[in-house]
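Asker: I have a structure I would like to understand better, so I am pasting it below and will then ask my questions one at a time.
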Amino acid sequence: MAPRCWRWWHWSAWPRTRPPPAGSTPSSRRLLSAQEQPPQICVVGSGPAGFYTAQHLLKHHAQARVDIYEKQLVPFGLVRFGVAPDHPENVTHTFTQTARSDRCAFHGNVVVGRDVTVPELREAYHAVVLSYGAEDHRALGIPGEELPGVFSARAFVGWYNGLPENRELAPDLSCDTAMILGHGNVALDVARILLTPPEQLEKTDITEASLGILRQSRVKTVWIVGRRGPLQVAFTIKELREMVQLPGTRPMLDPADFLGLQDRLKEMPRPRKRLTELLLRTATEKPEREEAARRAEASRAWGLRFLRSPQQVLPSPDGQRVAGIRLAVTRLEGVGETAWAVPTGDTEDLPCGLVLSSVGYKSRPIDPSVPFDPKLGVIPNTEGRVVDVPGLYCSGWVKRGPTGVIATTMTDSFLTSQALLQDLEAGLLPAGPRPGHAAIEALLSSRGVRPISFSDWEKLDATEVSRGQRTGKPREKLLDPQEMLRLLGR
Ligand code: NAP
């Protein structure tokens with residue numbers, strides 16, 4: 001018997017009166033012949049990249065089945081564990097609709113690369129999409145980075161957002177000054193959480209344990225340090241505006257850092273222009289009376305320092321914890337956003353009791369069979385197709401690197417899904433039926449792994465929401481995987 005080709009649909013399946021528009025994605029209108037099996041597709045990771053990929057596949061192929069594997073017990077990845085609690089995202093509603101589709105299944109508590117390998121998934125499915133994000137942080141690679149009191153911003157964010165692996169972090173906030181390294185949005189997120197009056201966080205889903213520590217915090221000053229200048233900051237205007245207006249705090253910007261920038265505004269693209277205008281106003285303009293009074297009363301302060309690159313974390317005299325940071329003074333070579341920092345040879349030491357390194361996230365390789373570019377921290381791919389591995393795809397941060405907001409990941413994931421569906425149409429995916437989850441379920445069971453279903457998650461979700469209601473929060477997150485399993489009767 002000739003092998004069957006996975007051409008599920010043909011443009012001929014479209015109504016003849018209206019040809020498909022050029023470049024359009026395959027439509028849910030296509031039909032399967034009776035003997036054909038729906039394509040079995042697997043997505044690894046249930047953050048925004050995974051869910052948006054699944055959503056697009058289900059929408060644009062009327063028969064496709066999608067299984068989402070997730071290493072955490074619970075879904076939603078960065079939306080649950082990465083986004084600041086005072087910036088709630090409403091995308092979980094859409095993701096829940098996707099997960100509830102009868103052609104989609106969520107399997108939490110499955111670590112791909114450990115419990116099941118990528119080759120095993122590729123055997124079981126017609127296509128595998130890797131959407132597992134960037135679960136690591138970029139290290140600074142400087143002496144003293146391992147001292148107590150130095151944390152990656154990623155771990156700090158995981159701590160206040162209830163990521164199980166970070167729940168014991170309990171940072172010591174008994175110092176006066178914190179230093180945040182990096183000028184991105186994550187840096188501003190952690191600065192804001194450190195300085196926001198705790199009573200404002202009480203109505204968010206921040207964990208009660210971290211709120212308890214933040215209530216006791218003695219941190220009065222937060223410096224946010226960048227190796228380049230005001231024209232190269234990576235944070236965006238909304239996040240900067242929130243800092244400028246943060247109750248109980250005042251900004252500390254040195255007007256000397258902004259000399260000459262006024263004249264360059266007109267040549268800047270609009271987002272950079274608006275951001276620079278806000279920096280300039282905050283640094284150089286005298287605030288109106290009410291704002292001046294607010295700042296004068298503020299008990300906490302934050303400031304931006306420019307042209308300073310971290311060189312060494314300085315230990316306390318007993319060597320037991322961080323006591324300061326040595327920064328290399330830099331100057332810029334080149335112009336505009338692409339100018340780079342070179343050390344001048346001078347250094348500056350600043351005392352601090354807490355260092356949060358916020359210089360970016362990093363993806364990890366998942367499986368030796370999957371190509372990985374360690375320098376860029378991405379899976380080499382062409383428009384989401386993993387190079388030299390037919391039937392393997394990637395989307396989100398592991399595809400393009402750890403940049404961009406959730407909407408960027410949505411577009412990126414839709415494009416990967418589109419590429420996959422085009423390959424399906426072109427007959428480029430493996431022919432013949434595939435067992436899909438049935439085969440993986442048997443493998444996992446033989447290895448003692450018990451996945452969590454989406455309805456299991458919905459029970460945990462209900463528990464979290466009900467615990468949150470007692471204190472007026474949207475939810476109180478469960479932090480301990482053992483407790484989650486107990487609640488599910490495991
Ligand atoms: P990011 O935007 O890439 O910023 C990283 C910062 O670290 C940059 O200022 C970078 O400086 C600096 N840096 C990198 N390597 C360094 C080194 N070796 N020494 C000193 N500084 C170094 O990364 P992120 O803040 O982690 O954010 C990740 C993505 O998530 C971004 O796209 C961000 O916009 C997004 N995000 C968005 C929100 C939001 O929308 N509210 C919140 C959080 C995150 P250089 O520019 O000089 O390299």
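By convention in this document, the chains of the structure tokens carry letters A, B, ... by their order, each chain's residues are numbered from 1, and ligands are numbered from 1 in the order they are shown.
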Write down as a PyMOL selection string the residues of range 244-454 of chain A whose backbone DSSP state falls under helix (DSSP H, G or I).

Answerer: chain A and resi 244+255-258+262-267+270-284+289-297+336-338+397-400+406-425+437-446+454

Asker: Since we have the selection now, will you write its residues out, keeping C-alpha atoms, as a PDB file, in the first residue's frame?

Answerer:
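Result file follows (part.pdb):
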```
ATOM      1  CA  VAL A 244       7.901  58.555  38.346  1.00  0.00           C
ATOM      2  CA  PRO A 255      20.463  66.523  35.018  1.00  0.00           C
ATOM      3  CA  ALA A 256      24.101  66.223  33.894  1.00  0.00           C
ATOM      4  CA  ASP A 257      23.298  62.800  32.423  1.00  0.00           C
ATOM      5  CA  PHE A 258      20.839  64.407  30.022  1.00  0.00           C
ATOM      6  CA  GLN A 262      16.922  68.091  24.112  1.00  0.00           C
ATOM      7  CA  ASP A 263      18.473  68.983  20.741  1.00  0.00           C
ATOM      8  CA  ARG A 264      18.406  65.388  19.559  1.00  0.00           C
ATOM      9  CA  LEU A 265      14.736  64.741  20.256  1.00  0.00           C
ATOM     10  CA  LYS A 266      13.586  65.648  16.762  1.00  0.00           C
ATOM     11  CA  GLU A 267      15.691  62.964  15.095  1.00  0.00           C
ATOM     12  CA  ARG A 270       8.428  58.449  18.311  1.00  0.00           C
ATOM     13  CA  PRO A 271       8.548  55.867  21.143  1.00  0.00           C
ATOM     14  CA  ARG A 272      12.167  56.746  21.982  1.00  0.00           C
ATOM     15  CA  LYS A 273      11.340  60.462  21.710  1.00  0.00           C
ATOM     16  CA  ARG A 274       8.455  60.222  24.181  1.00  0.00           C
ATOM     17  CA  LEU A 275      10.502  58.130  26.575  1.00  0.00           C
ATOM     18  CA  THR A 276      13.421  60.567  26.435  1.00  0.00           C
ATOM     19  CA  GLU A 277      11.078  63.532  26.933  1.00  0.00           C
ATOM     20  CA  LEU A 278       9.763  61.925  30.120  1.00  0.00           C
ATOM     21  CA  LEU A 279      13.308  61.280  31.346  1.00  0.00           C
ATOM     22  CA  LEU A 280      14.274  64.864  30.534  1.00  0.00           C
ATOM     23  CA  ARG A 281      11.211  66.355  32.227  1.00  0.00           C
ATOM     24  CA  THR A 282      11.756  64.277  35.341  1.00  0.00           C
ATOM     25  CA  ALA A 283      15.455  65.099  35.520  1.00  0.00           C
ATOM     26  CA  THR A 284      15.472  68.757  34.638  1.00  0.00           C
ATOM     27  CA  ARG A 289       3.795  72.588  43.728  1.00  0.00           C
ATOM     28  CA  GLU A 290       1.689  69.550  44.496  1.00  0.00           C
ATOM     29  CA  GLU A 291       4.195  67.151  42.948  1.00  0.00           C
ATOM     30  CA  ALA A 292       7.083  68.942  44.678  1.00  0.00           C
ATOM     31  CA  ALA A 293       5.293  68.492  48.009  1.00  0.00           C
ATOM     32  CA  ARG A 294       4.656  64.815  47.270  1.00  0.00           C
ATOM     33  CA  ARG A 295       8.316  64.256  46.503  1.00  0.00           C
ATOM     34  CA  ALA A 296       9.444  66.176  49.569  1.00  0.00           C
ATOM     35  CA  GLU A 297       7.346  63.934  51.792  1.00  0.00           C
ATOM     36  CA  GLY A 336      22.020  56.113  18.836  1.00  0.00           C
ATOM     37  CA  GLU A 337      20.444  52.943  20.091  1.00  0.00           C
ATOM     38  CA  THR A 338      23.242  50.736  18.760  1.00  0.00           C
ATOM     39  CA  TRP A 397      11.472  33.265  23.381  1.00  0.00           C
ATOM     40  CA  VAL A 398      13.228  29.991  22.557  1.00  0.00           C
ATOM     41  CA  LYS A 399      12.712  30.868  18.881  1.00  0.00           C
ATOM     42  CA  ARG A 400      13.680  34.546  18.816  1.00  0.00           C
ATOM     43  CA  ILE A 406       3.149  39.035  25.196  1.00  0.00           C
ATOM     44  CA  ALA A 407       1.646  40.514  22.018  1.00  0.00           C
ATOM     45  CA  THR A 408       5.003  40.009  20.259  1.00  0.00           C
ATOM     46  CA  THR A 409       4.960  36.369  21.314  1.00  0.00           C
ATOM     47  CA  MET A 410       1.416  36.014  20.025  1.00  0.00           C
ATOM     48  CA  THR A 411       2.379  37.186  16.527  1.00  0.00           C
ATOM     49  CA  ASP A 412       5.500  35.057  16.573  1.00  0.00           C
ATOM     50  CA  SER A 413       3.575  31.947  17.648  1.00  0.00           C
ATOM     51  CA  PHE A 414       0.914  32.451  15.007  1.00  0.00           C
ATOM     52  CA  LEU A 415       3.677  32.572  12.385  1.00  0.00           C
ATOM     53  CA  THR A 416       5.162  29.281  13.591  1.00  0.00           C
ATOM     54  CA  SER A 417       1.745  27.666  13.548  1.00  0.00           C
ATOM     55  CA  GLN A 418       1.199  28.991  10.032  1.00  0.00           C
ATOM     56  CA  ALA A 419       4.531  27.483   8.875  1.00  0.00           C
ATOM     57  CA  LEU A 420       3.548  24.143  10.398  1.00  0.00           C
ATOM     58  CA  LEU A 421       0.169  24.147   8.671  1.00  0.00           C
ATOM     59  CA  GLN A 422       1.807  25.050   5.365  1.00  0.00           C
ATOM     60  CA  ASP A 423       4.166  22.079   5.752  1.00  0.00           C
ATOM     61  CA  LEU A 424       1.218  19.867   6.550  1.00  0.00           C
ATOM     62  CA  GLU A 425      -0.515  21.034   3.403  1.00  0.00           C
ATOM     63  CA  HIS A 437      -0.812  11.144  23.635  1.00  0.00           C
ATOM     64  CA  ALA A 438      -1.778   7.466  23.994  1.00  0.00           C
ATOM     65  CA  ALA A 439       1.856   6.459  23.406  1.00  0.00           C
ATOM     66  CA  ILE A 440       3.258   9.167  25.660  1.00  0.00           C
ATOM     67  CA  GLU A 441       0.765   8.365  28.412  1.00  0.00           C
ATOM     68  CA  ALA A 442       1.980   4.749  28.415  1.00  0.00           C
ATOM     69  CA  LEU A 443       5.624   5.868  28.525  1.00  0.00           C
ATOM     70  CA  LEU A 444       4.976   8.316  31.378  1.00  0.00           C
ATOM     71  CA  SER A 445       3.020   5.754  33.333  1.00  0.00           C
ATOM     72  CA  SER A 446       5.853   3.201  32.985  1.00  0.00           C
ATOM     73  CA  PHE A 454      -6.593  20.917  32.851  1.00  0.00           C
TER      74      PHE A 454
END
```

Asker: Considering only C-alpha atoms, return as a list in words whatever protein or nucleic-acid residues lie within 8 Å of Ala105 in chain A, sequence-local ones (same chain, fewer than 4 positions apart) excluded.

Answerer: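 So the residues in contact are Val66, Asp67, Ile68, Ala99, Arg100, Ser101, Ser453 and Phe454 of chain A.
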
Asker: Calculated over only C-alpha atoms, which of the candidates A:Val313, A:Val83, A:Leu332, A:Leu188 has the smallest distance to Leu354 in chain A?

Answerer: A:Val313

Asker: Identify, on the basis of only C-alpha atoms, every residue whose closest approach to range 463-468 of chain A does not exceed 10 Å; exclude the query and any residue fewer than 3 positions from it along the same chain; express the result as a ChimeraX atom specification.

Answerer: /A:203-205,207-208,457-460,471-478,484,487

Asker: Selected residues, all heavy atoms, written as a compact mmCIF listing (two decimals), in the first residue's frame, please.

Answerer:
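Now in result-v1.txt:
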```
# COMPACT_ATOMS: atom_id res chain seq x y z
N LYS A 203 -3.97 43.87 47.29
CA LYS A 203 -5.13 43.51 46.47
C LYS A 203 -4.71 42.78 45.19
O LYS A 203 -5.53 42.53 44.32
CB LYS A 203 -5.95 44.76 46.10
CG LYS A 203 -6.44 45.52 47.30
CD LYS A 203 -7.53 44.73 48.04
CE LYS A 203 -7.85 45.34 49.40
NZ LYS A 203 -7.80 44.39 50.50
N THR A 204 -3.43 42.48 45.05
CA THR A 204 -2.94 41.74 43.87
C THR A 204 -2.77 40.27 44.26
O THR A 204 -2.98 39.90 45.42
CB THR A 204 -1.59 42.29 43.40
OG1 THR A 204 -0.57 41.85 44.32
CG2 THR A 204 -1.57 43.81 43.33
N ASP A 205 -2.34 39.46 43.30
CA ASP A 205 -2.13 38.04 43.63
C ASP A 205 -0.68 37.77 44.05
O ASP A 205 -0.22 36.62 43.99
CB ASP A 205 -2.58 37.13 42.49
CG ASP A 205 -1.69 37.23 41.26
OD1 ASP A 205 -0.70 37.98 41.28
OD2 ASP A 205 -1.99 36.55 40.26
N THR A 207 2.26 36.72 46.40
CA THR A 207 2.10 35.71 47.45
C THR A 207 2.15 36.37 48.83
O THR A 207 2.87 37.36 49.05
CB THR A 207 3.21 34.65 47.37
OG1 THR A 207 4.46 35.27 47.67
CG2 THR A 207 3.27 34.00 46.00
N GLU A 208 1.39 35.78 49.75
CA GLU A 208 1.33 36.34 51.10
C GLU A 208 2.71 36.30 51.75
O GLU A 208 3.09 37.21 52.48
CB GLU A 208 0.30 35.54 51.91
CG GLU A 208 -0.26 36.26 53.12
CD GLU A 208 -0.74 37.69 52.84
OE1 GLU A 208 -1.47 37.90 51.85
OE2 GLU A 208 -0.38 38.60 53.63
N TRP A 457 -6.14 21.27 37.12
CA TRP A 457 -5.75 22.67 37.35
C TRP A 457 -6.96 23.51 37.77
O TRP A 457 -6.87 24.35 38.66
CB TRP A 457 -5.08 23.26 36.11
CG TRP A 457 -5.27 24.76 36.01
CD1 TRP A 457 -5.98 25.43 35.07
CD2 TRP A 457 -4.78 25.76 36.92
NE1 TRP A 457 -5.97 26.78 35.33
CE2 TRP A 457 -5.24 27.01 36.46
CE3 TRP A 457 -4.01 25.72 38.08
CZ2 TRP A 457 -4.95 28.21 37.11
CZ3 TRP A 457 -3.73 26.93 38.74
CH2 TRP A 457 -4.19 28.16 38.25
N GLU A 458 -8.11 23.24 37.17
CA GLU A 458 -9.28 24.06 37.50
C GLU A 458 -9.68 23.85 38.97
O GLU A 458 -10.17 24.78 39.61
CB GLU A 458 -10.41 23.78 36.52
CG GLU A 458 -10.03 24.34 35.15
CD GLU A 458 -11.12 24.28 34.11
OE1 GLU A 458 -11.64 23.18 33.88
OE2 GLU A 458 -11.46 25.32 33.51
N LYS A 459 -9.41 22.65 39.50
CA LYS A 459 -9.68 22.44 40.93
C LYS A 459 -8.69 23.27 41.77
O LYS A 459 -9.07 23.92 42.75
CB LYS A 459 -9.53 20.96 41.29
CG LYS A 459 -10.67 20.11 40.78
CD LYS A 459 -10.44 18.64 41.13
CE LYS A 459 -11.23 17.77 40.17
NZ LYS A 459 -10.56 16.55 39.78
N LEU A 460 -7.42 23.24 41.36
CA LEU A 460 -6.42 24.03 42.10
C LEU A 460 -6.74 25.52 42.00
O LEU A 460 -6.62 26.28 42.98
CB LEU A 460 -5.01 23.75 41.56
CG LEU A 460 -4.51 22.31 41.66
CD1 LEU A 460 -3.16 22.16 40.97
CD2 LEU A 460 -4.41 21.88 43.13
N THR A 471 -8.88 37.21 51.94
CA THR A 471 -8.12 38.43 52.23
C THR A 471 -8.31 39.49 51.15
O THR A 471 -7.53 40.44 51.05
CB THR A 471 -6.61 38.10 52.36
OG1 THR A 471 -6.24 37.30 51.24
CG2 THR A 471 -6.30 37.37 53.65
N GLY A 472 -9.35 39.32 50.32
CA GLY A 472 -9.64 40.34 49.30
C GLY A 472 -8.68 40.34 48.13
O GLY A 472 -8.52 41.35 47.44
N LYS A 473 -8.02 39.19 47.89
CA LYS A 473 -7.10 39.09 46.74
C LYS A 473 -7.76 38.28 45.62
O LYS A 473 -8.64 37.46 45.90
CB LYS A 473 -5.80 38.38 47.17
CG LYS A 473 -4.99 39.17 48.19
CD LYS A 473 -3.87 38.32 48.76
CE LYS A 473 -2.70 38.22 47.83
NZ LYS A 473 -1.56 37.52 48.45
N PRO A 474 -7.30 38.48 44.37
CA PRO A 474 -7.90 37.68 43.29
C PRO A 474 -7.63 36.19 43.48
O PRO A 474 -8.42 35.35 43.05
CB PRO A 474 -7.21 38.18 42.02
CG PRO A 474 -6.18 39.15 42.44
CD PRO A 474 -6.32 39.44 43.89
N ARG A 475 -6.53 35.85 44.11
CA ARG A 475 -6.20 34.47 44.43
C ARG A 475 -5.04 34.45 45.40
O ARG A 475 -4.26 35.41 45.48
CB ARG A 475 -5.84 33.66 43.17
CG ARG A 475 -4.48 34.03 42.54
CD ARG A 475 -4.13 33.18 41.34
NE ARG A 475 -5.12 33.28 40.29
CZ ARG A 475 -5.84 32.27 39.86
NH1 ARG A 475 -5.65 31.07 40.35
NH2 ARG A 475 -6.73 32.44 38.90
N GLU A 476 -4.89 33.37 46.13
CA GLU A 476 -3.67 33.13 46.91
C GLU A 476 -3.02 31.90 46.28
O GLU A 476 -3.56 30.79 46.37
CB GLU A 476 -4.00 32.88 48.39
CG GLU A 476 -2.80 32.81 49.29
CD GLU A 476 -1.95 34.08 49.23
OE1 GLU A 476 -2.49 35.17 49.46
OE2 GLU A 476 -0.73 33.97 48.94
N LYS A 477 -1.89 32.11 45.61
CA LYS A 477 -1.30 31.02 44.84
C LYS A 477 -0.80 29.89 45.73
O LYS A 477 -0.23 30.14 46.81
CB LYS A 477 -0.12 31.55 44.00
CG LYS A 477 -0.57 32.39 42.82
CD LYS A 477 0.64 32.89 42.06
CE LYS A 477 0.23 33.81 40.93
NZ LYS A 477 1.36 34.51 40.34
N LEU A 478 -1.00 28.68 45.26
CA LEU A 478 -0.42 27.51 45.92
C LEU A 478 1.06 27.47 45.53
O LEU A 478 1.39 27.62 44.35
CB LEU A 478 -1.12 26.25 45.45
CG LEU A 478 -2.59 26.14 45.88
CD1 LEU A 478 -3.33 25.13 45.00
CD2 LEU A 478 -2.67 25.73 47.34
N MET A 484 -0.24 20.77 46.29
CA MET A 484 -1.13 20.71 45.11
C MET A 484 -1.52 19.26 44.85
O MET A 484 -2.69 18.96 44.61
CB MET A 484 -0.41 21.26 43.87
CG MET A 484 -0.10 22.74 43.94
SD MET A 484 0.50 23.30 42.32
CE MET A 484 1.44 24.73 42.80
N LEU A 487 -4.03 18.06 47.39
CA LEU A 487 -5.37 18.60 47.12
C LEU A 487 -6.06 17.84 45.99
O LEU A 487 -7.29 17.80 45.92
CB LEU A 487 -5.27 20.09 46.75
CG LEU A 487 -4.97 21.03 47.91
CD1 LEU A 487 -4.54 22.40 47.40
CD2 LEU A 487 -6.21 21.18 48.80
```

Asker: How close does each residue of chain A get to ligand 1, giving the shortest atom pair and distance in Å to one decimal for every residue with an atom at most 8 Å away, counting only C-alpha atoms and all ligand atoms, sorted by chain and residue number, as CSV?

Answerer:
```
residue,atom,partner,partner_atom_place_in_ligand_line,distance
A:Gly82,CA,ligand 1,43 (C),7.5
A:Val83,CA,ligand 1,42 (C),6.4
A:Ala84,CA,ligand 1,42 (C),7.2
A:His87,CA,ligand 1,41 (N),7.3
A:Arg138,CA,ligand 1,15 (N),7.4
A:Ala139,CA,ligand 1,18 (N),7.7
A:Leu140,CA,ligand 1,18 (N),5.5
A:Gly141,CA,ligand 1,18 (N),7.9
A:Arg154,CA,ligand 1,26 (O),8.0
A:Leu181,CA,ligand 1,21 (N),6.3
A:Gly182,CA,ligand 1,7 (O),3.8
A:His183,CA,ligand 1,9 (O),3.5
A:Gly184,CA,ligand 1,25 (O),3.4
A:Asn185,CA,ligand 1,25 (O),4.2
A:Val186,CA,ligand 1,25 (O),3.8
A:Ala187,CA,ligand 1,25 (O),5.6
A:Leu188,CA,ligand 1,25 (O),7.8
A:Asp189,CA,ligand 1,42 (C),6.4
A:Val225,CA,ligand 1,21 (N),8.0
A:Gly226,CA,ligand 1,9 (O),5.7
A:Arg227,CA,ligand 1,20 (C),5.2
A:Arg228,CA,ligand 1,47 (O),5.4
A:Gln232,CA,ligand 1,46 (O),6.1
A:Val233,CA,ligand 1,9 (O),5.6
A:Ala234,CA,ligand 1,2 (O),4.8
A:Phe235,CA,ligand 1,34 (O),6.1
A:Thr236,CA,ligand 1,34 (O),7.0
A:Lys238,CA,ligand 1,41 (N),7.7
A:Glu239,CA,ligand 1,41 (N),6.2
A:Arg308,CA,ligand 1,20 (C),8.0
A:Ser309,CA,ligand 1,20 (C),5.3
A:Pro310,CA,ligand 1,19 (N),6.2
A:Trp340,CA,ligand 1,47 (O),6.9
A:Ala341,CA,ligand 1,47 (O),7.2
A:Ser358,CA,ligand 1,7 (O),5.8
A:Val359,CA,ligand 1,7 (O),3.3
A:Gly360,CA,ligand 1,26 (O),3.6
A:Tyr361,CA,ligand 1,26 (O),5.5
A:Pro402,CA,ligand 1,28 (C),5.5
A:Thr403,CA,ligand 1,32 (O),3.4
A:Gly404,CA,ligand 1,32 (O),3.5
A:Val405,CA,ligand 1,35 (C),5.1
A:Ile406,CA,ligand 1,40 (O),7.7
```

Asker: Applying 12 Å and only C-alpha atoms, which residues near Arg218 in chain A remain after dropping the ones on its own chain fewer than 6 positions away? List them as a ChimeraX atom specification.

Answerer: /A:171-178,194-195,197,299-300,353-354

Asker: State, in Å with one decimal place, the distance from CA of Ala323 in chain A to CA of Gly149 in chain A.

Answerer: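 Computing the Euclidean distance for CA of Ala323 in chain A and CA of Gly149 in chain A yields 8.6 Å.
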
Asker: Go ahead and compute the interatomic distance for CA of Leu169 in chain A and CA of Ser210 in chain A, in Å to one decimal.

Answerer: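 Calculated distance between CA of Leu169 in chain A and CA of Ser210 in chain A is 9.3 Å.
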
Asker: When DSSP works through the backbone of this structure, what residues of range 74-295 of chain A end up as strand (DSSP E), shown as a list in words?

Answerer: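 Secondary structure check on range 74-295 of chain A, strand (DSSP E): Cys104, Ala105, Phe106, His107, Ala127, Val128, Val129, Leu130, Asp136, His137, Val150, Phe151, Ser152, Thr177, Ala178, Met179, Ile180, Leu181, Thr221, Val222, Trp223, Ile224, Val225, Thr249, Arg250, Pro251 and Met252 of chain A.
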
Asker: Using only C-alpha atoms, which of the listed residues (A:Asp461, A:Glu120, A:Asp480, A:Glu333) sits closest to Leu307 in chain A?

Answerer: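 Residue with the minimum atom-to-atom distance to Leu307 in chain A: A:Glu333.
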
Asker: Ranking A:Leu211, A:Phe76, A:Ala134, A:Leu479 by minimum distance to Leu376 in chain A and counting only C-alpha atoms, which one comes first?

Answerer: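 Ranking A:Leu211, A:Phe76, A:Ala134, A:Leu479 by distance to Leu376 in chain A, first place goes to A:Ala134.
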
Asker: State, in Å with one decimal place, the distance from CA of Phe151 in chain A to CA of Met252 in chain A.

Answerer: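 These atoms are spaced 23.7 Å apart.
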
Asker: Restricting the calculation to only C-alpha atoms: of A:Val449, A:Ile325, A:Leu428, A:Cys394, which residue gets closest to Gly144 in chain A?

Answerer: A:Ile325
